[in-house]
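As provided, start_10.txt (compact mmCIF, C-alpha atoms and all ligand atoms) reads as follows.
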```txt
# COMPACT_ATOMS: atom_id res chain seq x y z
CA MET A 1 22.07 -15.36 36.21
CA SER A 2 18.30 -15.58 36.49
CA PRO A 3 16.56 -17.20 33.52
CA ARG A 4 15.09 -14.79 31.01
CA PRO A 5 11.31 -14.44 31.44
CA ALA A 6 9.38 -15.97 28.53
CA PRO A 7 8.18 -13.35 26.06
CA VAL A 8 4.50 -12.47 26.28
CA PHE A 9 2.34 -12.29 23.15
CA PRO A 10 -1.17 -10.88 22.80
CA ASP A 11 -4.02 -13.35 22.25
CA TRP A 12 -5.61 -13.89 18.87
CA PRO A 13 -8.37 -13.26 17.91
CA GLN A 14 -8.92 -9.97 19.68
CA PHE A 15 -12.26 -8.38 20.57
CA ASP A 16 -13.85 -5.84 22.87
CA ASP A 17 -17.18 -4.11 23.32
CA THR A 18 -17.16 -3.13 19.64
CA GLU A 19 -17.75 -6.80 18.71
CA ARG A 20 -20.24 -7.27 21.59
CA ARG A 21 -22.29 -4.29 20.44
CA ALA A 22 -22.08 -5.46 16.83
CA LEU A 23 -23.41 -8.92 17.69
CA ASP A 24 -26.20 -7.39 19.72
CA ARG A 25 -27.06 -5.12 16.80
CA ALA A 26 -27.21 -8.11 14.43
CA LEU A 27 -29.38 -10.10 16.87
CA SER A 28 -31.81 -7.24 17.32
CA GLN A 29 -32.46 -6.96 13.60
CA GLY A 30 -34.66 -10.03 13.95
CA GLN A 31 -33.44 -11.32 10.55
CA TRP A 32 -30.11 -13.11 10.61
CA TRP A 33 -29.34 -13.68 6.91
CA ARG A 34 -28.10 -11.16 4.37
CA MET A 35 -31.40 -10.94 2.50
CA GLY A 36 -33.15 -9.78 5.66
CA GLY A 37 -30.51 -7.69 7.44
CA THR A 38 -28.04 -4.93 6.58
CA GLU A 39 -24.77 -6.08 8.24
CA VAL A 40 -23.42 -8.13 5.31
CA GLU A 41 -24.23 -5.43 2.78
CA THR A 42 -22.71 -2.72 4.95
CA PHE A 43 -19.59 -4.78 5.60
CA GLU A 44 -19.17 -5.38 1.87
CA GLN A 45 -19.30 -1.65 1.24
CA GLU A 46 -16.81 -0.92 4.04
CA PHE A 47 -14.40 -3.68 2.99
CA ALA A 48 -14.56 -2.60 -0.68
CA ASP A 49 -13.93 1.05 0.27
CA HIS A 50 -11.06 0.05 2.51
CA HIS A 51 -9.33 -1.69 -0.39
CA GLY A 52 -10.29 0.72 -3.15
CA ALA A 53 -12.50 -1.76 -5.01
CA PRO A 54 -15.84 -0.99 -6.64
CA HIS A 55 -17.45 -4.25 -5.43
CA ALA A 56 -17.02 -6.74 -2.60
CA LEU A 57 -18.97 -9.95 -2.10
CA ALA A 58 -18.85 -11.55 1.35
CA VAL A 59 -18.96 -15.35 1.45
CA THR A 60 -18.73 -18.30 3.85
CA ASN A 61 -14.93 -18.72 3.82
CA GLY A 62 -11.74 -18.03 1.88
CA THR A 63 -11.75 -21.35 0.03
CA HIS A 64 -15.24 -20.62 -1.27
CA ALA A 65 -14.11 -17.08 -2.14
CA LEU A 66 -11.45 -18.57 -4.44
CA GLU A 67 -13.88 -21.12 -5.95
CA LEU A 68 -16.47 -18.46 -6.64
CA ALA A 69 -13.94 -16.01 -8.09
CA LEU A 70 -12.54 -18.70 -10.38
CA GLN A 71 -16.04 -19.57 -11.60
CA ALA A 72 -16.83 -15.91 -12.28
CA MET A 73 -13.61 -15.80 -14.31
CA GLY A 74 -14.64 -18.75 -16.47
CA ALA A 75 -12.34 -21.38 -14.99
CA GLY A 76 -13.75 -24.90 -14.83
CA PRO A 77 -13.51 -28.21 -16.70
CA GLY A 78 -10.99 -28.08 -19.55
CA THR A 79 -9.11 -25.09 -18.13
CA GLU A 80 -5.91 -24.69 -16.12
CA VAL A 81 -5.16 -22.44 -13.16
CA ILE A 82 -1.50 -21.66 -12.38
CA VAL A 83 -0.77 -21.65 -8.63
CA PRO A 84 2.41 -21.43 -6.55
CA GLY A 85 3.56 -24.85 -5.28
CA PHE A 86 4.20 -23.21 -1.89
CA THR A 87 0.84 -22.09 -0.47
CA PHE A 88 -2.00 -23.25 1.73
CA ILE A 89 -3.78 -26.06 -0.12
CA SER A 90 -6.98 -24.02 -0.67
CA SER A 91 -5.31 -22.19 -3.56
CA SER A 92 -5.16 -25.42 -5.59
CA GLN A 93 -8.19 -27.14 -4.05
CA ALA A 94 -10.44 -24.26 -5.12
CA ALA A 95 -9.40 -24.78 -8.75
CA GLN A 96 -9.74 -28.55 -8.48
CA ARG A 97 -13.17 -28.38 -6.82
CA ILE A 98 -14.64 -26.54 -9.79
CA GLY A 99 -13.19 -29.06 -12.24
CA ALA A 100 -10.12 -27.15 -13.41
CA VAL A 101 -6.54 -28.43 -13.36
CA ALA A 102 -4.26 -26.75 -10.81
CA VAL A 103 -0.74 -26.33 -12.23
CA PRO A 104 1.89 -25.72 -9.51
CA VAL A 105 4.93 -23.60 -10.34
CA ASP A 106 8.05 -22.57 -8.44
CA VAL A 107 8.42 -19.59 -6.10
CA ASP A 108 11.22 -17.13 -5.37
CA PRO A 109 13.68 -18.46 -2.76
CA ASP A 110 13.84 -15.09 -0.98
CA THR A 111 10.27 -13.69 -1.06
CA TYR A 112 8.51 -17.12 -1.34
CA ASN A 113 6.18 -15.52 -3.92
CA ILE A 114 5.26 -17.05 -7.28
CA ASP A 115 8.11 -16.98 -9.80
CA VAL A 116 7.04 -14.92 -12.82
CA ALA A 117 9.31 -16.71 -15.31
CA ALA A 118 7.91 -20.04 -14.10
CA VAL A 119 4.38 -18.70 -14.62
CA ALA A 120 5.20 -17.62 -18.18
CA ALA A 121 6.69 -21.04 -18.92
CA ALA A 122 3.58 -22.84 -17.59
CA ILE A 123 1.05 -21.02 -19.77
CA THR A 124 -0.78 -23.23 -22.30
CA PRO A 125 -3.80 -22.64 -24.53
CA ARG A 126 -5.93 -24.03 -21.65
CA THR A 127 -4.68 -21.55 -19.03
CA ARG A 128 -7.52 -19.35 -17.79
CA VAL A 129 -6.23 -17.85 -14.54
CA ILE A 130 -2.90 -17.06 -12.84
CA MET A 131 -3.28 -17.12 -9.03
CA PRO A 132 -0.50 -15.35 -7.12
CA VAL A 133 -0.58 -15.70 -3.33
CA HIS A 134 0.74 -12.66 -1.44
CA MET A 135 2.84 -14.77 0.89
CA ALA A 136 2.58 -13.65 4.52
CA GLY A 137 1.32 -10.26 3.28
CA LEU A 138 4.20 -9.49 0.90
CA MET A 139 2.63 -8.63 -2.46
CA ALA A 140 3.68 -10.76 -5.44
CA ASP A 141 5.22 -8.90 -8.42
CA MET A 142 1.89 -7.58 -9.72
CA ASP A 143 3.42 -5.50 -12.54
CA ALA A 144 5.18 -8.48 -14.09
CA LEU A 145 2.24 -10.85 -13.50
CA ASP A 146 -0.24 -8.42 -15.05
CA LYS A 147 2.02 -8.15 -18.09
CA VAL A 148 2.40 -11.92 -18.49
CA ALA A 149 -1.37 -12.32 -18.10
CA ALA A 150 -2.18 -9.56 -20.60
CA ASP A 151 0.29 -10.96 -23.17
CA ALA A 152 -1.29 -14.42 -22.84
CA GLY A 153 -4.89 -13.18 -22.69
CA VAL A 154 -5.54 -14.74 -19.27
CA GLN A 155 -6.83 -13.29 -15.99
CA VAL A 156 -5.20 -12.76 -12.59
CA LEU A 157 -6.85 -13.81 -9.33
CA GLN A 158 -5.04 -12.55 -6.24
CA ASP A 159 -5.20 -15.03 -3.36
CA ALA A 160 -5.14 -12.25 -0.76
CA ALA A 161 -5.88 -14.51 2.23
CA HIS A 162 -2.73 -13.07 3.89
CA ALA A 163 -3.00 -9.56 2.51
CA HIS A 164 -5.77 -7.52 4.14
CA GLY A 165 -4.69 -3.89 3.81
CA ALA A 166 -1.61 -4.63 1.67
CA ARG A 167 -0.37 -2.24 -1.03
CA TRP A 168 1.67 -2.50 -4.22
CA GLN A 169 3.40 0.74 -5.33
CA GLY A 170 0.88 2.74 -3.31
CA LYS A 171 -2.09 0.89 -4.75
CA ARG A 172 -4.46 -1.05 -2.55
CA VAL A 173 -5.42 -4.65 -3.43
CA GLY A 174 -8.71 -3.52 -4.92
CA GLU A 175 -7.08 -0.85 -7.09
CA LEU A 176 -4.88 -3.24 -9.08
CA GLY A 177 -7.53 -4.13 -11.65
CA SER A 178 -7.76 -7.83 -10.80
CA VAL A 179 -10.12 -9.95 -8.74
CA ALA A 180 -8.91 -10.67 -5.18
CA ALA A 181 -10.08 -13.28 -2.64
CA PHE A 182 -9.74 -12.95 1.16
CA SER A 183 -10.22 -15.22 4.16
CA PHE A 184 -11.56 -14.31 7.61
CA GLN A 185 -10.76 -17.68 9.21
CA ASN A 186 -9.79 -17.62 12.89
CA GLY A 187 -6.06 -17.09 12.33
CA LYS A 188 -6.32 -14.44 9.62
CA LEU A 189 -5.61 -10.72 10.07
CA MET A 190 -9.28 -9.96 10.70
CA THR A 191 -11.69 -12.72 11.58
CA ALA A 192 -15.15 -13.92 12.44
CA GLY A 193 -13.94 -17.49 13.04
CA GLU A 194 -14.78 -18.29 9.42
CA GLY A 195 -15.63 -16.09 6.44
CA GLY A 196 -14.35 -14.81 3.13
CA ALA A 197 -14.78 -12.07 0.55
CA VAL A 198 -14.06 -11.39 -3.10
CA LEU A 199 -13.22 -7.96 -4.51
CA PHE A 200 -14.19 -7.27 -8.11
CA PRO A 201 -12.99 -4.41 -10.34
CA ASP A 202 -16.01 -4.84 -12.62
CA GLU A 203 -19.76 -5.13 -12.31
CA GLU A 204 -20.12 -8.11 -14.67
CA ARG A 205 -18.05 -10.69 -12.79
CA TYR A 206 -19.41 -9.37 -9.48
CA GLU A 207 -23.01 -9.96 -10.61
CA GLN A 208 -22.08 -13.44 -11.89
CA ALA A 209 -20.57 -14.23 -8.51
CA PHE A 210 -23.55 -12.84 -6.61
CA LEU A 211 -25.92 -15.13 -8.51
CA ARG A 212 -23.72 -18.20 -8.09
CA HIS A 213 -23.17 -17.63 -4.36
CA SER A 214 -26.93 -17.50 -3.76
CA CYS A 215 -28.18 -20.62 -5.59
CA GLY A 216 -28.22 -18.82 -8.93
CA ARG A 217 -31.07 -16.60 -7.76
CA PRO A 218 -31.43 -12.85 -8.39
CA ARG A 219 -31.72 -10.67 -5.25
CA THR A 220 -35.41 -9.88 -5.62
CA ASP A 221 -36.63 -13.19 -7.02
CA ARG A 222 -39.74 -14.60 -5.30
CA ARG A 223 -40.71 -17.12 -7.96
CA TYR A 224 -37.69 -19.47 -7.94
CA HIS A 225 -36.18 -18.24 -11.19
CA HIS A 226 -32.67 -19.68 -10.68
CA GLN A 227 -30.67 -18.26 -13.59
CA VAL A 228 -27.31 -20.02 -13.31
CA ALA A 229 -25.89 -23.05 -11.51
CA GLY A 230 -24.77 -22.17 -8.02
CA THR A 231 -24.65 -23.07 -4.37
CA ASN A 232 -25.15 -21.31 -1.05
CA MET A 233 -22.03 -19.42 0.02
CA ARG A 234 -23.84 -16.52 1.69
CA MET A 235 -22.25 -14.92 4.75
CA ASN A 236 -24.55 -14.55 7.78
CA GLU A 237 -25.29 -11.31 9.60
CA PHE A 238 -23.36 -12.17 12.79
CA SER A 239 -20.10 -12.77 10.94
CA ALA A 240 -20.45 -9.51 9.04
CA ALA A 241 -21.21 -7.55 12.22
CA VAL A 242 -18.05 -8.92 13.86
CA LEU A 243 -15.98 -8.24 10.73
CA ARG A 244 -17.11 -4.61 10.65
CA ALA A 245 -15.65 -4.27 14.16
CA GLN A 246 -12.47 -6.15 13.19
CA LEU A 247 -11.91 -3.89 10.19
CA THR A 248 -11.69 -0.84 12.45
CA ARG A 249 -8.58 -2.36 14.11
CA LEU A 250 -6.75 -3.47 10.99
CA ASP A 251 -4.75 -0.36 10.08
CA ALA A 252 -3.39 0.31 13.58
CA GLN A 253 -2.35 -3.35 13.90
CA ILE A 254 -0.62 -3.26 10.51
CA ALA A 255 1.39 -0.21 11.63
CA VAL A 256 2.56 -2.08 14.75
CA ARG A 257 3.42 -5.26 12.84
CA GLU A 258 5.39 -3.35 10.19
CA GLN A 259 7.49 -1.69 12.88
CA ARG A 260 8.00 -4.90 14.86
CA TRP A 261 8.95 -6.93 11.78
CA ARG A 262 11.68 -4.41 10.94
CA HIS A 263 13.02 -4.90 14.46
CA LEU A 264 12.67 -8.71 14.56
CA SER A 265 13.90 -9.40 11.02
CA ALA A 266 17.06 -7.32 11.59
CA LEU A 267 17.82 -9.40 14.69
CA LEU A 268 17.01 -12.70 12.94
CA ALA A 269 19.25 -11.79 9.99
CA ARG A 270 22.22 -11.62 12.37
CA ILE A 271 21.78 -15.20 13.57
CA PRO A 272 24.13 -17.55 11.70
CA GLY A 273 22.12 -19.86 9.43
CA VAL A 274 18.87 -17.86 9.67
CA ARG A 275 17.47 -15.99 6.65
CA PRO A 276 14.28 -13.95 7.20
CA GLN A 277 11.73 -13.62 4.37
CA GLY A 278 12.99 -11.04 1.89
CA ASP A 279 11.30 -7.82 0.94
CA ASP A 280 10.30 -6.00 -2.24
CA PRO A 281 10.36 -2.22 -1.90
CA ARG A 282 7.45 -2.02 -4.35
CA ALA A 283 5.30 -3.95 -1.86
CA ASP A 284 5.06 -0.77 0.17
CA ARG A 285 2.52 -1.87 2.75
CA ASN A 286 2.82 -5.35 4.23
CA PRO A 287 0.27 -6.42 6.87
CA HIS A 288 2.58 -9.31 7.97
CA TYR A 289 0.30 -12.31 8.26
CA MET A 290 3.29 -14.42 9.32
CA ALA A 291 6.85 -13.77 10.46
CA MET A 292 8.77 -16.22 8.26
CA PHE A 293 12.39 -17.28 8.11
CA ARG A 294 14.41 -20.00 6.42
CA LEU A 295 17.22 -22.18 7.69
CA PRO A 296 18.81 -22.91 4.32
CA ALA A 297 20.19 -26.43 3.91
CA TRP A 298 18.54 -27.72 7.09
CA SER A 299 16.74 -31.07 6.92
CA GLU A 300 12.99 -31.19 7.48
CA GLU A 301 13.57 -33.22 10.69
CA ARG A 302 15.90 -30.62 12.15
CA ARG A 303 13.51 -27.79 11.22
CA ASN A 304 10.63 -29.68 12.87
CA LEU A 305 12.71 -30.19 16.00
CA LEU A 306 13.41 -26.45 16.13
CA VAL A 307 9.70 -25.69 15.84
CA ASP A 308 8.96 -28.07 18.74
CA ARG A 309 11.62 -26.42 20.89
CA LEU A 310 10.33 -22.93 20.05
CA VAL A 311 6.81 -23.95 21.02
CA GLU A 312 8.15 -25.37 24.32
CA ALA A 313 9.79 -21.99 24.90
CA GLY A 314 6.38 -20.28 24.52
CA ILE A 315 6.84 -18.96 20.97
CA PRO A 316 3.93 -19.57 18.54
CA ALA A 317 6.05 -21.23 15.84
CA PHE A 318 4.92 -23.49 13.00
CA ALA A 319 6.47 -25.52 10.19
CA ALA A 320 5.84 -23.89 6.79
CA PHE A 321 3.33 -25.28 4.26
CA ARG A 322 4.13 -28.64 2.69
CA ALA A 323 4.55 -28.38 -1.09
CA ILE A 324 0.98 -28.81 -2.37
CA TYR A 325 2.11 -31.50 -4.85
CA ARG A 326 3.54 -33.54 -1.94
CA THR A 327 0.08 -34.09 -0.41
CA ALA A 328 -2.23 -37.00 -1.27
CA ALA A 329 -5.09 -34.52 -1.64
CA PHE A 330 -3.49 -32.76 -4.60
CA TRP A 331 -3.46 -35.88 -6.77
CA GLU A 332 -7.07 -37.00 -6.19
CA THR A 333 -8.58 -34.80 -8.89
CA GLY A 334 -7.54 -31.91 -11.13
CA ALA A 335 -3.80 -32.59 -11.02
CA PRO A 336 -1.64 -32.06 -14.11
CA ASP A 337 -0.79 -35.08 -16.24
CA GLU A 338 2.71 -35.30 -14.74
CA THR A 339 4.50 -37.31 -12.08
CA VAL A 340 5.21 -35.81 -8.67
CA ASP A 341 8.93 -36.00 -9.51
CA ALA A 342 8.43 -34.01 -12.70
CA VAL A 343 6.53 -31.30 -10.82
CA ALA A 344 9.14 -31.28 -8.03
CA GLU A 345 11.93 -30.96 -10.56
CA ARG A 346 10.57 -27.64 -11.83
CA CYS A 347 9.83 -26.43 -8.26
CA PRO A 348 13.20 -26.70 -6.46
CA ASN A 349 12.57 -23.62 -4.31
CA VAL A 350 9.16 -24.89 -3.20
CA ASP A 351 10.74 -28.16 -2.07
CA ALA A 352 13.54 -26.36 -0.22
CA ILE A 353 11.35 -23.74 1.50
CA SER A 354 8.71 -26.22 2.58
CA GLN A 355 11.33 -28.21 4.48
CA ASP A 356 13.56 -25.45 5.91
CA CYS A 357 11.11 -22.61 6.66
CA VAL A 358 9.54 -21.65 9.99
CA TRP A 359 6.80 -19.11 10.63
CA LEU A 360 5.65 -17.30 13.74
CA HIS A 361 2.00 -16.32 14.23
CA HIS A 362 1.29 -12.63 13.51
CA ARG A 363 0.29 -12.06 17.13
CA THR A 364 4.03 -12.34 17.78
CA LEU A 365 4.43 -9.05 15.90
CA LEU A 366 1.89 -7.31 18.16
CA ALA A 367 4.14 -7.88 21.21
CA SER A 368 6.50 -5.25 22.63
CA GLU A 369 9.87 -4.58 21.07
CA GLN A 370 11.53 -6.03 24.18
CA ASP A 371 9.53 -9.26 23.80
CA LEU A 372 10.73 -9.50 20.20
CA THR A 373 14.31 -8.90 21.23
CA ASP A 374 13.87 -11.80 23.67
CA THR A 375 12.23 -13.90 20.94
CA ALA A 376 15.21 -13.41 18.65
CA ALA A 377 17.56 -14.39 21.48
CA ILE A 378 15.61 -17.61 22.03
CA VAL A 379 15.65 -18.38 18.30
CA ALA A 380 19.44 -17.84 18.27
CA GLU A 381 19.92 -20.12 21.28
CA LEU A 382 17.75 -22.93 19.90
CA VAL A 383 19.10 -22.71 16.35
CA ALA A 384 22.58 -23.29 17.80
CA ALA A 385 21.34 -26.11 20.03
CA VAL A 386 19.19 -28.38 17.83
C1 LIG A 401 -6.40 -19.35 4.81
C2 LIG A 401 -6.08 -19.45 3.35
C3 LIG A 401 -7.06 -19.75 2.39
C4 LIG A 401 -8.42 -20.28 2.72
O1 LIG A 401 -9.19 -19.60 3.58
P1 LIG A 401 -10.29 -20.33 4.51
O2 LIG A 401 -11.12 -19.20 4.98
O3 LIG A 401 -9.58 -21.04 5.61
O4 LIG A 401 -11.08 -21.27 3.65
C5 LIG A 401 -6.72 -19.66 1.06
N1 LIG A 401 -5.48 -19.35 0.66
C6 LIG A 401 -4.50 -19.10 1.55
C7 LIG A 401 -3.14 -18.75 1.04
C8 LIG A 401 -4.76 -19.16 2.92
O5 LIG A 401 -3.77 -18.95 3.80
```

Since I need it in another form, could you write the structure as structure tokens?
Amino acid sequence: MSPRPAPVFPDWPQFDDTERRALDRALSQGQWWRMGGTEVETFEQEFADHHGAPHALAVTNGTHALELALQAMGAGPGTEVIVPGFTFISSSQAAQRIGAVAVPVDVDPDTYNIDVAAVAAAITPRTRVIMPVHMAGLMADMDALDKVAADAGVQVLQDAAHAHGARWQGKRVGELGSVAAFSFQNGKLMTAGEGGAVLFPDEERYEQAFLRHSCGRPRTDRRYHHQVAGTNMRMNEFSAAVLRAQLTRLDAQIAVREQRWRHLSALLARIPGVRPQGDDPRADRNPHYMAMFRLPAWSEERRNLLVDRLVEAGIPAFAAFRAIYRTAAFWETGAPDETVDAVAERCPNVDAISQDCVWLHHRTLLASEQDLTDTAAIVAELVAAV
């Protein structure tokens, strides 16, 4: 029998003459920052429209988008922000950077999204914001989270770094009534290498954020009247021009990834010991930032070995996020007044998922159905072998 050819996956990021023309357009404006050009402003309008939000503010990156959103929501020293223990570290670092305490809670063992009962149990008089992360594009339970937040009088900030184009019960991210932060870093579903954006349902927090992201200075100020404390998080014109081109590809790519994930996850589910990320029928559009699966009860060492073997076989596989409270960074500043063991004890699913979960880059889900059939066969072979 001849060996199976290795599956072929498209490159990421993708670009064509649309990006080339966009960059040329930005260059020719002669002014390369948002105050002089029109690309950033136009991108903000297009991105807001695409997600059904009244306002979008483009910024330097997704971590800054979270920091800025949290500030506009009144988080800061003396307040707490509830985050899932299983996420990329920016979710908690953003809160800690602005002087708040990041409080990690457990996630669901099937969807890997923040556990609503754990959120409710973690609320204190100091809680200002609940930050769900739509893990790999699967929307967190927004109905239940909105209710918990409303009952407690706190706000919701969606970390939508994985969720460009996602929907919850037919509603787009910007139609859910909460603030949402996005990333356009190189690996994200649309990218300019770096970049971020915040969607706002209201004018007031949007205007706050605009001031703070531009050194506290009103748009038309020429006399250095800085009104609030801030910093420079302004997006440049080149990034916005590229992102306008990237946005035109998003919907078609989501349609492909949704179809391919149905195919791949059904095959993965048949492999003994493999459990693909679960679904929630209310999350009715999932852009699939990652193709994730668990190997329940596997050790971290065995999982890591599998990832190495998958990479050797040409599959873009990665070990899942380490629990944020199991990094040195988390404890430097803005950690809760608890031991790591106490936090771990109330986050058993975070500990389990972070050691037994594998994810495949979303470019995997842009490959042909045959390539995904082959991918599943390789996963089956290596799972049995390591
Ligand atoms: C990528 C990511 C961020 C941060 O975005 P950057 O643009 O890299 O700063 C925040 N949260 C999550 C969940 C992410 O995956």

Within 9 Å of (-10.0, -3.1, 10.4) (coordinates as in the file), grab all the protein and nucleic acid residues, counting all atoms listed in the file, and write them out as a ChimeraX atom specification.
/A:47,50,164-165,189-190,243-253

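Between CA of Phe321 (chain A) and CA of Glu369 (chain A) there is a distance of 27.5 Å.
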
Once 8 Å is added on each side, what centre and edge lengths in Å to one decimal does the axis-aligned box around all listed atoms of region 278-289 of chain A have, as lines of an AutoDock Vina configuration file?
```
center_x = 6.6
center_y = -6.5
center_z = 2.0
size_x = 28.7
size_y = 27.5
size_z = 28.6
```

Residue among A:Ser92, A:Ser265, A:Thr327, A:Asn286 lying closest to Leu360 (chain A), counting all atoms listed in the file
A:Ser265

List all protein, DNA and RNA residues that have any atom at most 6 Å from ligand LIG 401 (chain A), counting all atoms listed in the file, and write the list as a compact mmCIF listing (two decimals) with C-alpha atoms, keeping the file's coordinate frame.
```txt
# COMPACT_ATOMS: atom_id res chain seq x y z
CA ASN A 61 -14.93 -18.72 3.82
CA GLY A 62 -11.74 -18.03 1.88
CA THR A 63 -11.75 -21.35 0.03
CA THR A 87 0.84 -22.09 -0.47
CA PHE A 88 -2.00 -23.25 1.73
CA SER A 90 -6.98 -24.02 -0.67
CA SER A 91 -5.31 -22.19 -3.56
CA VAL A 133 -0.58 -15.70 -3.33
CA ASP A 159 -5.20 -15.03 -3.36
CA ALA A 161 -5.88 -14.51 2.23
CA HIS A 162 -2.73 -13.07 3.89
CA SER A 183 -10.22 -15.22 4.16
CA PHE A 184 -11.56 -14.31 7.61
CA GLN A 185 -10.76 -17.68 9.21
CA GLU A 194 -14.78 -18.29 9.42
CA GLY A 195 -15.63 -16.09 6.44
CA GLY A 196 -14.35 -14.81 3.13
```

Selected residue, from A:Ala166, A:Glu207, A:Asp106, A:Thr124, that lies nearest to Arg219 (chain A) when counting all atoms listed in the file
A:Glu207

Env of Ile89 (chain A): 9 Å cut, atoms = only C-alpha atoms, seq-sep filter 6 positions within chain, self excluded. Answer as a list in words.
Phe321, Arg322, Ala323, Ile324, Thr327, Ala329 and Phe330 of chain A

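Among A:Leu268, A:Ala121, A:Val242, A:Ala320, the residue with the shortest atom-to-atom distance to Leu27 (chain A), counting all atoms listed in the file, is A:Val242.
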
Test item: residues at most 12 Å from Ala149 (chain A), only C-alpha atoms, excluding those fewer than 3 positions along its chain, as a list in words:
Val81, Ile82, Val116, Ala117, Val119, Ala120, Ala121, Ala122, Ile123, Thr124, Thr127, Arg128, Val129, Ile130, Met131, Pro132, Met142, Asp143, Ala144, Leu145, Asp146, Ala152, Gly153, Val154, Gln155, Val156, Leu157 and Ser178 of chain A

Next, dump the selected residues to file, keeping only C-alpha atoms, as a PDB file, in the coordinates of the input.
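Below is the file that was written, part-v2.pdb:
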```
ATOM      1  CA  VAL A  81      -5.160 -22.440 -13.160  1.00  0.00           C
ATOM      2  CA  ILE A  82      -1.500 -21.660 -12.380  1.00  0.00           C
ATOM      3  CA  VAL A 116       7.040 -14.920 -12.820  1.00  0.00           C
ATOM      4  CA  ALA A 117       9.310 -16.710 -15.310  1.00  0.00           C
ATOM      5  CA  VAL A 119       4.380 -18.700 -14.620  1.00  0.00           C
ATOM      6  CA  ALA A 120       5.200 -17.620 -18.180  1.00  0.00           C
ATOM      7  CA  ALA A 121       6.690 -21.040 -18.920  1.00  0.00           C
ATOM      8  CA  ALA A 122       3.580 -22.840 -17.590  1.00  0.00           C
ATOM      9  CA  ILE A 123       1.050 -21.020 -19.770  1.00  0.00           C
ATOM     10  CA  THR A 124      -0.780 -23.230 -22.300  1.00  0.00           C
ATOM     11  CA  THR A 127      -4.680 -21.550 -19.030  1.00  0.00           C
ATOM     12  CA  ARG A 128      -7.520 -19.350 -17.790  1.00  0.00           C
ATOM     13  CA  VAL A 129      -6.230 -17.850 -14.540  1.00  0.00           C
ATOM     14  CA  ILE A 130      -2.900 -17.060 -12.840  1.00  0.00           C
ATOM     15  CA  MET A 131      -3.280 -17.120  -9.030  1.00  0.00           C
ATOM     16  CA  PRO A 132      -0.500 -15.350  -7.120  1.00  0.00           C
ATOM     17  CA  MET A 142       1.890  -7.580  -9.720  1.00  0.00           C
ATOM     18  CA  ASP A 143       3.420  -5.500 -12.540  1.00  0.00           C
ATOM     19  CA  ALA A 144       5.180  -8.480 -14.090  1.00  0.00           C
ATOM     20  CA  LEU A 145       2.240 -10.850 -13.500  1.00  0.00           C
ATOM     21  CA  ASP A 146      -0.240  -8.420 -15.050  1.00  0.00           C
ATOM     22  CA  ALA A 152      -1.290 -14.420 -22.840  1.00  0.00           C
ATOM     23  CA  GLY A 153      -4.890 -13.180 -22.690  1.00  0.00           C
ATOM     24  CA  VAL A 154      -5.540 -14.740 -19.270  1.00  0.00           C
ATOM     25  CA  GLN A 155      -6.830 -13.290 -15.990  1.00  0.00           C
ATOM     26  CA  VAL A 156      -5.200 -12.760 -12.590  1.00  0.00           C
ATOM     27  CA  LEU A 157      -6.850 -13.810  -9.330  1.00  0.00           C
ATOM     28  CA  SER A 178      -7.760  -7.830 -10.800  1.00  0.00           C
TER      29      SER A 178
END
```

At a cut-off of 10 Å from (-25.7, -7.0, 5.4) in the coordinates of the file, what residues are picked up using only C-alpha atoms, written as a PyMOL selection string?
chain A and resi 26+32-45+58+235-241

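Omitting region 337-350 of chain A and its sequence neighbours fewer than 2 positions away, and counting all atoms listed in the file, the residues within 6 Å are Gly85, Phe86, Asp106, Pro109, Ala352, Ile353 and Ser354 of chain A.
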
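Remark: for Gln208 (chain A), the closest of the candidate residues A:Met73, A:Ser368, A:Val179, A:Ala22 is A:Met73 (distances computed over all atoms listed in the file).
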
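In terms of minimum interatomic distance to Ala377 (chain A), A:Ala6 ranks closest within A:Val358, A:Val311, A:Ala6, A:Leu295, counting all atoms listed in the file.
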
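Minimum atom-to-atom distance to Val101 (chain A), evaluated using all atoms listed in the file, belongs to A:Ala335 out of A:Ala180, A:Ile114, A:Ala335, A:Ile378.
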
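Take CA of Gly99 (chain A) and CA of Gly76 (chain A): the distance between them is 4.9 Å.
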
How many Å separate CA of Trp12 (chain A) from CA of Asp308 (chain A)?
20.3 Å

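Within 8 Å of Ala319 (chain A), once all atoms listed in the file are used and residues closer than 2 positions along the same chain are dropped, the contacting residues are Arg303, Asn304, Val307, Ala317, Phe321, Ser354, Gln355, Cys357, Val358 and Trp359 of chain A.
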